[in-house]
$ cat query-v6.cif   # mmCIF, C-alpha atoms and all ligand atoms
data_start
#
loop_
_atom_site.label_atom_id
_atom_site.label_comp_id
_atom_site.auth_asym_id
_atom_site.auth_seq_id
_atom_site.Cartn_x
_atom_site.Cartn_y
_atom_site.Cartn_z
CA MET A 174 26.76 12.25 -2.83
CA VAL A 175 29.15 10.83 -0.25
CA TYR A 176 30.45 7.41 -1.22
CA SER A 177 31.05 5.16 1.69
CA THR A 178 31.12 1.39 1.74
CA SER A 179 32.25 -0.86 4.50
CA GLY A 180 31.84 -4.32 3.00
CA ARG A 181 29.25 -6.72 4.23
CA GLY A 182 31.08 -7.40 7.45
CA ARG A 183 31.37 -11.09 6.64
CA VAL A 184 32.75 -13.49 4.08
CA PHE A 185 30.56 -15.93 2.18
CA ASP A 186 30.87 -19.73 2.30
CA SER A 187 29.28 -20.23 -1.12
CA VAL A 188 27.54 -18.20 -3.81
CA LEU A 189 24.31 -19.65 -2.44
CA THR A 190 24.63 -17.67 0.78
CA THR A 191 24.52 -14.46 -1.28
CA VAL A 192 20.90 -15.06 -2.38
CA GLY A 193 18.39 -12.45 -1.17
CA ASP A 194 18.79 -9.11 0.63
CA THR A 195 18.06 -7.25 -2.58
CA PRO A 196 17.76 -3.47 -2.34
CA ALA A 197 14.60 -1.34 -2.43
CA ILE A 198 15.59 1.65 -4.61
CA ARG A 199 13.79 4.99 -4.94
CA ILE A 200 12.67 6.14 -8.38
CA ASN A 201 13.83 9.73 -8.82
CA ARG A 202 12.95 10.87 -12.35
CA ILE A 203 10.01 8.95 -13.80
CA ALA A 204 7.64 8.58 -10.86
CA PRO A 205 4.43 10.66 -10.73
CA ASP A 206 4.95 13.78 -8.55
CA HIS A 207 2.26 12.98 -5.99
CA VAL A 208 3.75 9.64 -4.85
CA THR A 209 7.06 8.06 -3.86
CA LEU A 210 7.89 4.95 -5.81
CA TYR A 211 10.45 2.28 -4.93
CA VAL A 212 11.50 -0.86 -6.79
CA LYS A 213 12.87 -4.04 -5.25
CA ALA A 214 15.61 -5.04 -7.65
CA GLU A 215 15.82 -8.83 -7.71
CA ALA A 216 18.55 -8.62 -10.35
CA PHE A 217 20.92 -8.22 -7.39
CA ASN A 218 20.58 -11.96 -6.70
CA PRO A 219 23.63 -13.96 -7.89
CA GLY A 220 21.69 -15.71 -10.69
CA GLY A 221 20.14 -12.39 -11.67
CA SER A 222 16.53 -13.00 -10.66
CA VAL A 223 13.97 -13.51 -7.91
CA LYS A 224 13.93 -17.22 -8.77
CA ASP A 225 17.28 -17.82 -7.07
CA ARG A 226 15.32 -17.78 -3.82
CA LEU A 227 12.92 -20.52 -4.85
CA ALA A 228 15.63 -22.60 -6.53
CA LEU A 229 17.71 -22.62 -3.37
CA ASN A 230 14.78 -23.55 -1.15
CA ILE A 231 13.40 -26.26 -3.44
CA ILE A 232 16.78 -28.00 -3.38
CA GLU A 233 17.59 -27.45 0.30
CA ALA A 234 14.12 -28.37 1.61
CA ALA A 235 14.22 -31.59 -0.48
CA GLU A 236 17.72 -32.37 0.80
CA ARG A 237 16.55 -31.91 4.39
CA ASP A 238 13.60 -34.26 4.20
CA GLY A 239 15.25 -36.82 1.92
CA ARG A 240 13.14 -36.28 -1.22
CA LEU A 241 16.38 -35.43 -3.05
CA LYS A 242 19.23 -37.94 -2.79
CA PRO A 243 22.94 -37.11 -3.23
CA GLY A 244 23.80 -37.07 -6.93
CA GLN A 245 20.16 -37.48 -8.04
CA THR A 246 19.18 -35.62 -11.23
CA VAL A 247 16.87 -32.63 -10.82
CA VAL A 248 14.35 -31.84 -13.57
CA GLU A 249 11.99 -28.87 -14.03
CA ALA A 250 9.88 -27.11 -16.62
CA THR A 251 10.71 -23.42 -16.63
CA SER A 252 10.47 -20.36 -18.83
CA GLY A 253 13.97 -19.44 -17.79
CA ASN A 254 14.65 -17.75 -14.50
CA THR A 255 13.83 -20.79 -12.38
CA GLY A 256 16.03 -22.82 -14.69
CA ILE A 257 18.89 -20.36 -14.35
CA GLY A 258 18.45 -20.30 -10.56
CA LEU A 259 18.31 -24.09 -10.38
CA ALA A 260 21.30 -24.34 -12.72
CA MET A 261 23.30 -22.10 -10.39
CA VAL A 262 22.23 -24.03 -7.26
CA CYS A 263 22.78 -27.45 -8.86
CA ALA A 264 26.20 -26.37 -10.15
CA ALA A 265 27.24 -25.18 -6.68
CA LYS A 266 25.97 -28.36 -5.03
CA GLY A 267 26.90 -30.87 -7.74
CA TYR A 268 23.49 -32.14 -8.89
CA PRO A 269 22.87 -32.91 -12.58
CA LEU A 270 20.01 -30.76 -13.93
CA VAL A 271 17.63 -31.18 -16.89
CA ILE A 272 15.38 -28.27 -17.89
CA THR A 273 12.39 -28.51 -20.23
CA MET A 274 11.42 -25.29 -21.97
CA HIS A 275 9.39 -24.35 -25.04
CA ASP A 276 11.20 -22.77 -27.96
CA GLY A 277 9.38 -19.40 -27.67
CA PHE A 278 11.58 -18.16 -24.82
CA SER A 279 14.76 -16.18 -25.39
CA VAL A 280 17.78 -18.16 -26.57
CA GLU A 281 20.11 -16.45 -24.10
CA ARG A 282 18.21 -18.20 -21.32
CA ARG A 283 18.90 -21.61 -22.79
CA ARG A 284 22.53 -20.76 -23.33
CA LEU A 285 22.90 -19.44 -19.79
CA MET A 286 21.53 -22.68 -18.33
CA ARG A 287 23.84 -24.73 -20.50
CA PHE A 288 26.72 -22.47 -19.41
CA PHE A 289 25.91 -23.45 -15.81
CA GLY A 290 26.17 -27.10 -16.93
CA ALA A 291 22.46 -27.96 -17.26
CA LYS A 292 20.83 -29.88 -20.13
CA VAL A 293 17.97 -28.01 -21.85
CA VAL A 294 15.29 -30.13 -23.57
CA LEU A 295 13.09 -28.05 -25.88
CA THR A 296 9.36 -28.49 -26.49
CA ARG A 297 7.21 -26.71 -29.09
CA LYS A 298 5.86 -23.22 -28.38
CA GLU A 299 2.44 -24.36 -29.67
CA ASP A 300 2.27 -26.84 -26.78
CA LYS A 301 2.59 -23.91 -24.35
CA GLY A 302 3.52 -24.22 -20.68
CA PHE A 303 1.50 -27.39 -20.38
CA GLY A 304 3.68 -29.13 -22.97
CA MET A 305 6.96 -28.35 -21.27
CA TYR A 306 5.53 -29.29 -17.89
CA SER A 307 4.19 -32.61 -19.15
CA LYS A 308 7.59 -33.36 -20.68
CA ALA A 309 9.38 -32.70 -17.38
CA LYS A 310 6.94 -34.97 -15.57
CA GLU A 311 7.38 -37.73 -18.11
CA LEU A 312 11.18 -37.55 -17.87
CA ALA A 313 11.04 -37.57 -14.06
CA GLU A 314 8.80 -40.64 -13.98
CA ALA A 315 10.78 -42.51 -16.64
CA ASN A 316 14.15 -41.89 -14.94
CA GLY A 317 13.40 -41.57 -11.22
CA TRP A 318 14.50 -37.93 -11.20
CA PHE A 319 13.52 -35.26 -8.68
CA LEU A 320 10.86 -32.98 -10.18
CA ALA A 321 11.12 -29.49 -8.67
CA HIS A 322 7.37 -28.72 -9.01
CA GLN A 323 7.74 -24.93 -8.76
CA PHE A 324 4.05 -24.36 -9.52
CA GLU A 325 2.82 -26.62 -6.70
CA THR A 326 5.49 -26.99 -4.04
CA PRO A 327 5.01 -25.24 -0.66
CA ASP A 328 8.81 -24.63 -0.70
CA ASN A 329 8.15 -21.84 -3.22
CA ALA A 330 5.96 -19.44 -1.20
CA ASP A 331 7.75 -20.47 2.03
CA ILE A 332 11.04 -18.91 0.94
CA HIS A 333 9.30 -15.63 0.11
CA GLU A 334 7.63 -15.71 3.51
CA GLN A 335 11.04 -16.27 5.14
CA THR A 336 13.13 -13.87 3.04
CA THR A 337 11.42 -11.47 0.58
CA ALA A 338 8.68 -10.48 3.04
CA ARG A 339 11.16 -10.02 5.92
CA GLU A 340 13.38 -7.83 3.75
CA ILE A 341 10.42 -5.60 2.84
CA LEU A 342 9.27 -5.28 6.45
CA ASN A 343 12.78 -4.56 7.65
CA ASP A 344 13.58 -2.06 4.88
CA PHE A 345 10.32 -0.18 5.47
CA ASP A 346 10.39 -0.46 9.24
CA GLY A 347 9.21 2.91 10.53
CA HIS A 348 8.58 4.11 6.94
CA ARG A 349 5.29 4.59 5.18
CA LEU A 350 4.44 1.93 2.58
CA ASP A 351 0.94 1.86 1.08
CA TYR A 352 1.13 -0.44 -1.95
CA LEU A 353 3.15 -3.45 -2.95
CA VAL A 354 2.84 -4.22 -6.68
CA MET A 355 3.78 -7.42 -8.52
CA GLY A 356 2.73 -9.90 -11.14
CA TYR A 357 2.85 -13.65 -10.89
CA GLY A 358 4.56 -16.52 -12.62
CA THR A 359 4.09 -19.28 -10.07
CA GLY A 360 2.61 -16.88 -7.52
CA GLY A 361 5.31 -17.77 -5.00
CA THR A 362 6.24 -14.14 -4.40
CA VAL A 363 2.68 -12.91 -3.81
CA SER A 364 1.57 -15.88 -1.71
CA GLY A 365 4.69 -15.87 0.49
CA VAL A 366 4.89 -12.11 0.90
CA GLY A 367 1.11 -11.92 1.32
CA ARG A 368 1.14 -14.20 4.39
CA VAL A 369 3.48 -11.89 6.25
CA ILE A 370 2.18 -8.52 5.05
CA LYS A 371 -1.43 -9.36 5.89
CA ALA A 372 -0.39 -10.52 9.37
CA GLU A 373 2.14 -7.84 10.24
CA ARG A 374 1.52 -4.76 8.06
CA PRO A 375 -2.14 -5.02 6.98
CA ASP A 376 -1.98 -1.30 6.12
CA ILE A 377 -0.02 -2.26 2.98
CA LYS A 378 -2.25 -3.03 -0.01
CA ILE A 379 -1.06 -5.77 -2.36
CA ILE A 380 -1.79 -5.06 -6.02
CA LEU A 381 -1.49 -8.03 -8.35
CA SER A 382 -0.99 -7.63 -12.06
CA GLU A 383 -1.40 -9.78 -15.15
CA PRO A 384 -1.15 -9.25 -18.93
CA ASP A 385 -4.28 -7.68 -20.48
CA ASN A 386 -4.42 -10.51 -23.01
CA ALA A 387 -3.91 -13.25 -20.41
CA ALA A 388 -6.19 -11.97 -17.64
CA LEU A 389 -6.73 -15.38 -16.06
CA VAL A 390 -7.44 -14.28 -12.50
CA SER A 391 -9.46 -11.25 -13.62
CA SER A 392 -11.72 -13.48 -15.73
CA GLY A 393 -13.13 -15.08 -12.59
CA THR A 394 -13.08 -18.48 -14.31
CA PRO A 395 -11.58 -21.02 -11.90
CA GLN A 396 -8.69 -23.23 -12.97
CA ALA A 397 -9.49 -26.89 -13.65
CA ARG A 398 -7.19 -29.04 -11.49
CA THR A 399 -6.26 -32.67 -11.05
CA GLU A 400 -6.69 -34.34 -7.66
CA ASP A 401 -3.21 -33.30 -6.53
CA GLY A 402 -3.81 -29.65 -7.43
CA GLU A 403 -1.94 -29.48 -10.73
CA ALA A 404 -3.54 -27.56 -13.59
CA ALA A 405 -5.62 -29.97 -15.67
CA GLY A 406 -5.11 -27.95 -18.87
CA SER A 407 -4.85 -24.44 -20.33
CA HIS A 408 -7.06 -21.72 -18.85
CA PRO A 409 -9.59 -20.40 -21.43
CA SER A 410 -8.53 -16.76 -20.92
CA PHE A 411 -4.88 -17.33 -21.83
CA THR A 412 -3.38 -15.96 -25.02
CA PRO A 413 0.39 -15.69 -25.59
CA HIS A 414 1.97 -12.49 -24.23
CA PRO A 415 5.52 -11.13 -24.33
CA ILE A 416 5.95 -10.77 -20.55
CA GLN A 417 8.24 -13.76 -20.07
CA GLY A 418 8.06 -15.26 -16.60
CA TRP A 419 4.55 -13.92 -15.94
CA THR A 420 1.19 -15.70 -16.18
CA PRO A 421 1.59 -19.19 -17.61
CA ASP A 422 -1.39 -20.69 -19.45
CA PHE A 423 -2.92 -21.82 -16.16
CA ILE A 424 -3.49 -20.47 -12.62
CA PRO A 425 -0.77 -22.14 -10.51
CA LEU A 426 -1.63 -23.87 -7.26
CA VAL A 427 0.98 -21.74 -5.47
CA LEU A 428 -0.88 -18.57 -6.57
CA GLN A 429 -4.24 -20.05 -5.56
CA GLU A 430 -3.37 -19.49 -1.87
CA ALA A 431 -3.14 -15.72 -2.41
CA LEU A 432 -6.48 -15.72 -4.24
CA ASP A 433 -8.32 -17.97 -1.79
CA LYS A 434 -7.01 -16.21 1.31
CA GLY A 435 -7.58 -12.74 -0.11
CA TYR A 436 -4.00 -11.48 0.11
CA THR A 437 -4.52 -9.19 -2.87
CA ASP A 438 -6.39 -5.88 -2.66
CA GLY A 439 -6.48 -4.93 -6.32
CA MET A 440 -5.57 -5.91 -9.85
CA GLU A 441 -3.97 -3.91 -12.68
CA LEU A 442 -3.83 -5.22 -16.23
CA VAL A 443 -0.84 -4.24 -18.36
CA SER A 444 -0.02 -4.67 -22.03
CA GLY A 445 3.20 -6.06 -23.45
CA ALA A 446 3.89 -2.73 -25.18
CA GLU A 447 3.51 -0.77 -21.92
CA SER A 448 5.79 -3.23 -20.14
CA ILE A 449 8.52 -2.85 -22.72
CA ALA A 450 8.16 0.94 -22.74
CA TRP A 451 8.53 1.18 -18.93
CA SER A 452 11.44 -1.24 -18.86
CA ARG A 453 13.21 1.00 -21.37
CA ARG A 454 12.43 4.13 -19.36
CA LEU A 455 13.70 2.49 -16.16
CA ALA A 456 17.01 1.81 -17.92
CA ALA A 457 17.34 5.08 -19.86
CA GLU A 458 16.00 7.50 -17.23
CA GLU A 459 16.73 5.78 -13.92
CA GLY A 460 19.72 3.58 -14.76
CA ILE A 461 17.83 0.53 -13.51
CA LEU A 462 18.17 -2.52 -15.71
CA THR A 463 15.23 -4.92 -15.61
CA GLY A 464 13.42 -7.34 -17.91
CA ILE A 465 10.01 -7.17 -19.52
CA SER A 466 8.23 -8.35 -16.37
CA GLY A 467 10.03 -5.63 -14.38
CA GLY A 468 8.60 -3.10 -16.83
CA ALA A 469 5.19 -4.77 -16.44
CA SER A 470 5.33 -4.58 -12.66
CA PHE A 471 6.40 -0.94 -12.91
CA ALA A 472 3.59 -0.18 -15.39
CA ALA A 473 1.13 -1.66 -12.89
CA ALA A 474 2.65 0.47 -10.12
CA ILE A 475 2.22 3.60 -12.26
CA LYS A 476 -1.46 2.70 -12.77
CA ALA A 477 -1.92 2.07 -9.05
CA ALA A 478 -0.14 5.37 -8.34
CA GLU A 479 -2.54 7.27 -10.61
CA LYS A 480 -5.43 6.18 -8.37
CA ALA A 481 -3.51 6.57 -5.11
CA PRO A 482 -3.88 9.54 -2.72
CA GLU A 483 -1.24 12.29 -2.53
CA GLY A 484 1.85 11.20 -0.59
CA SER A 485 1.35 7.46 -1.16
CA VAL A 486 4.40 5.21 -1.13
CA LEU A 487 4.59 2.24 -3.51
CA LEU A 488 7.05 -0.62 -3.96
CA ALA A 489 7.15 -2.58 -7.25
CA MET A 490 8.90 -5.93 -7.57
CA LEU A 491 11.40 -6.07 -10.45
CA ALA A 492 11.96 -9.80 -10.90
CA ASP A 493 15.10 -9.87 -13.04
CA THR A 494 17.71 -8.12 -15.16
CA GLY A 495 17.37 -6.74 -18.68
CA GLU A 496 20.44 -8.42 -20.14
CA ARG A 497 18.46 -11.64 -20.38
CA TYR A 498 16.32 -10.17 -23.19
CA LEU A 499 18.76 -9.06 -25.89
CA SER A 500 17.11 -11.28 -28.52
CA THR A 501 13.52 -10.37 -27.52
CA PRO A 502 11.10 -7.52 -28.35
CA LEU A 503 12.59 -5.60 -25.39
CA PHE A 504 15.67 -4.80 -27.49
CA GLU A 505 13.95 -4.87 -30.90
CA GLU A 506 14.30 -1.14 -31.46
CA ILE A 507 17.86 -1.00 -30.14
CA ALA A 508 19.98 -1.17 -33.29
CA PRO A 509 23.58 -2.40 -33.28
CA ASP A 510 24.51 0.18 -35.96
CA MET A 511 24.89 3.95 -35.61
CA ASN A 512 21.71 5.98 -36.11
CA GLU A 513 21.63 9.36 -37.87
CA ALA A 514 22.47 11.35 -34.75
CA GLU A 515 25.40 9.08 -33.91
CA ARG A 516 26.69 9.23 -37.48
CA ALA A 517 26.43 13.02 -37.45
CA LEU A 518 28.52 13.05 -34.26
CA SER A 519 31.08 10.76 -35.86
CA GLU A 520 31.37 13.14 -38.83
CA SER A 521 31.31 16.33 -36.78
CA THR A 522 35.03 16.21 -36.02
CA PRO A 523 37.77 15.25 -38.52
CA GLY A 524 39.42 12.30 -36.78
CA PHE A 525 38.55 8.60 -36.98
CA VAL A 526 35.31 9.04 -38.92
CA TYR A 527 33.66 5.62 -39.23
CA PRO A 528 33.13 4.54 -42.88
CA MET A 529 29.51 4.28 -44.16
N1 LIG B 601 9.10 -12.19 -13.60
C1 LIG B 601 9.95 -13.08 -14.13
C2 LIG B 601 10.86 -12.63 -15.25
C3 LIG B 601 9.97 -14.38 -13.65
O1 LIG B 601 10.81 -15.28 -14.18
C4 LIG B 601 9.07 -14.74 -12.60
C5 LIG B 601 9.05 -16.14 -12.11
N2 LIG B 601 8.57 -17.07 -13.07
C6 LIG B 601 8.19 -13.79 -12.09
C7 LIG B 601 8.26 -12.51 -12.61
C8 LIG B 601 7.13 -14.10 -11.05
O2 LIG B 601 7.52 -14.65 -9.84
P1 LIG B 601 6.66 -15.75 -9.10
O3 LIG B 601 6.91 -17.07 -9.77
O4 LIG B 601 7.17 -15.74 -7.69
O5 LIG B 601 5.21 -15.40 -9.17
#

$ encode --input "query-v6.cif" --output "structure tokens"
Amino acid sequence: MVYSTSGRGRVFDSVLTTVGDTPAIRINRIAPDHVTLYVKAEAFNPGGSVKDRLALNIIEAAERDGRLKPGQTVVEATSGNTGIGLAMVCAAKGYPLVITMHDGFSVERRRLMRFFGAKVVLTRKEDKGFGMYSKAKELAEANGWFLAHQFETPDNADIHEQTTAREILNDFDGHRLDYLVMGYGTGGTVSGVGRVIKAERPDIKIILSEPDNAALVSSGTPQARTEDGEAAGSHPSFTPHPIQGWTPDFIPLVLQEALDKGYTDGMELVSGAESIAWSRRLAAEEGILTGISGGASFAAAIKAAEKAPEGSVLLAMLADTGERYLSTPLFEEIAPDMNEAERALSESTPGFVYPM
């Protein structure tokens, strides 16, 4: 390998101008032989996830049209990555931020948001996504705060149309690409990318994925909504799953665009166990660090690849980094102490043997 870097040819005015332009990386060791598999590694964003894009656009679009006033408090319900993205953006721009989040999500997420200066208000896991969302809404109404509305706002899919989709088209310009594989949290990625792909590269099939025990879209049961499009309650097909950031307990309005306009060409269901297993393999055999949802997206890509013709090219979205999951099932089997093989190595030479 020849190492050659030349910088980015520019300097950056703020951390916020470093959002996006994440790399599409080829999988070299764990992909099936008959296909070529790439991953788009959103961990390269400054806040470590795909949600930096949406956080930046929610704030900047609201600044532009006056919905967000200087110094006004921002509030949002989020399972983590949106909160971390918003915390980064609000820190850089000087807005106070309050996040509501149920206590089932990893503690490092809460601590990261607080590290960025945000306040994190917990709700109970039993009250699911709907509980944390209702709390955010209540706080916004009671205090006149700006509610970010990630599950409903057009600013979500718009940023993926303007950035994520453009990056994919540009990176695969003149290259074969047959399948684009991703899950959904809000659906911003699939709806925004779908608009552009269907218009400009309709040869690319978009494969959506969801947990096998929260197969909301696959169930065919429509989501009950209020007049302004918000979910009116939990979807009957939801059960809790370990793929944090994916599939809340309702079908978001932002995702509904992709479903109604037929942006998706297929669906793959994945289990939590498969997701964790693939995330570990991506780290241990490819050196690519991603979270549980990255493993889930990759698991879905492997399933799509198994059905795909010889020579197919696939791109899977990896939404975030793995370091965010140290206290979750992703790292459950990774012990802090030496295992038998490590101990044997320690004892195999005379010096500095570690006591039992
Ligand atoms: N994976 C993780 C870890 C996430 O936090 C999110 C966003 N909630 C997604 C995937 C899905 O992205 P989107 O909201 O654009 O559907």

$ residues_near_ligand --input "query-v6.cif" --ligand "ligand LIG 601 (chain B)" --cutoff "9 Å" --atoms "only C-alpha atoms and all ligand atoms" --output "NGL selection string"
:A and (222-224 or 227 or 251-255 or 323-324 or 329-330 or 333 or 355-365 or 416-421 or 427-428 or 463-467 or 469-470 or 490-494)

$ write_last_selection --input "query-v6.cif" --atoms "C-alpha atoms" --output "tab-separated table (two decimals), in the frame of the given file"
chain	number	residue	atom	x	y	z
A	222	SER	CA	16.53	-13.00	-10.66
A	223	VAL	CA	13.97	-13.51	-7.91
A	224	LYS	CA	13.93	-17.22	-8.77
A	227	LEU	CA	12.92	-20.52	-4.85
A	251	THR	CA	10.71	-23.42	-16.63
A	252	SER	CA	10.47	-20.36	-18.83
A	253	GLY	CA	13.97	-19.44	-17.79
A	254	ASN	CA	14.65	-17.75	-14.50
A	255	THR	CA	13.83	-20.79	-12.38
A	323	GLN	CA	7.74	-24.93	-8.76
A	324	PHE	CA	4.05	-24.36	-9.52
A	329	ASN	CA	8.15	-21.84	-3.22
A	330	ALA	CA	5.96	-19.44	-1.20
A	333	HIS	CA	9.30	-15.63	0.11
A	355	MET	CA	3.78	-7.42	-8.52
A	356	GLY	CA	2.73	-9.90	-11.14
A	357	TYR	CA	2.85	-13.65	-10.89
A	358	GLY	CA	4.56	-16.52	-12.62
A	359	THR	CA	4.09	-19.28	-10.07
A	360	GLY	CA	2.61	-16.88	-7.52
A	361	GLY	CA	5.31	-17.77	-5.00
A	362	THR	CA	6.24	-14.14	-4.40
A	363	VAL	CA	2.68	-12.91	-3.81
A	364	SER	CA	1.57	-15.88	-1.71
A	365	GLY	CA	4.69	-15.87	0.49
A	416	ILE	CA	5.95	-10.77	-20.55
A	417	GLN	CA	8.24	-13.76	-20.07
A	418	GLY	CA	8.06	-15.26	-16.60
A	419	TRP	CA	4.55	-13.92	-15.94
A	420	THR	CA	1.19	-15.70	-16.18
A	421	PRO	CA	1.59	-19.19	-17.61
A	427	VAL	CA	0.98	-21.74	-5.47
A	428	LEU	CA	-0.88	-18.57	-6.57
A	463	THR	CA	15.23	-4.92	-15.61
A	464	GLY	CA	13.42	-7.34	-17.91
A	465	ILE	CA	10.01	-7.17	-19.52
A	466	SER	CA	8.23	-8.35	-16.37
A	467	GLY	CA	10.03	-5.63	-14.38
A	469	ALA	CA	5.19	-4.77	-16.44
A	470	SER	CA	5.33	-4.58	-12.66
A	490	MET	CA	8.90	-5.93	-7.57
A	491	LEU	CA	11.40	-6.07	-10.45
A	492	ALA	CA	11.96	-9.80	-10.90
A	493	ASP	CA	15.10	-9.87	-13.04
A	494	THR	CA	17.71	-8.12	-15.16

$ atom_distance --input "query-v6.cif" --atom1 "CA of Leu389 in chain A" --atom2 "CA of Ala228 in chain A"
25.4 Å

$ residues_near_point --input "query-v6.cif" --point "(24.9, -33.8, -8.8)" --cutoff "7 Å" --atoms "all atoms listed in the file" --output "PyMOL selection string"
chain A and resi 243-246+263+266-269

$ residues_around --input "query-v6.cif" --residues "range 193-205 of chain A" --least-positions-apart "5" --cutoff "7 Å" --atoms "only C-alpha atoms" --output "list in words"
Leu210, Tyr211, Val212, Lys213, Ala214, Glu215, Phe217, Asn218, Arg226, Thr336, Glu340, Glu458 and Glu459 of chain A

$ atom_distance --input "query-v6.cif" --atom1 "CA of Lys476 in chain A" --atom2 "CA of Arg339 in chain A"
25.9 Å
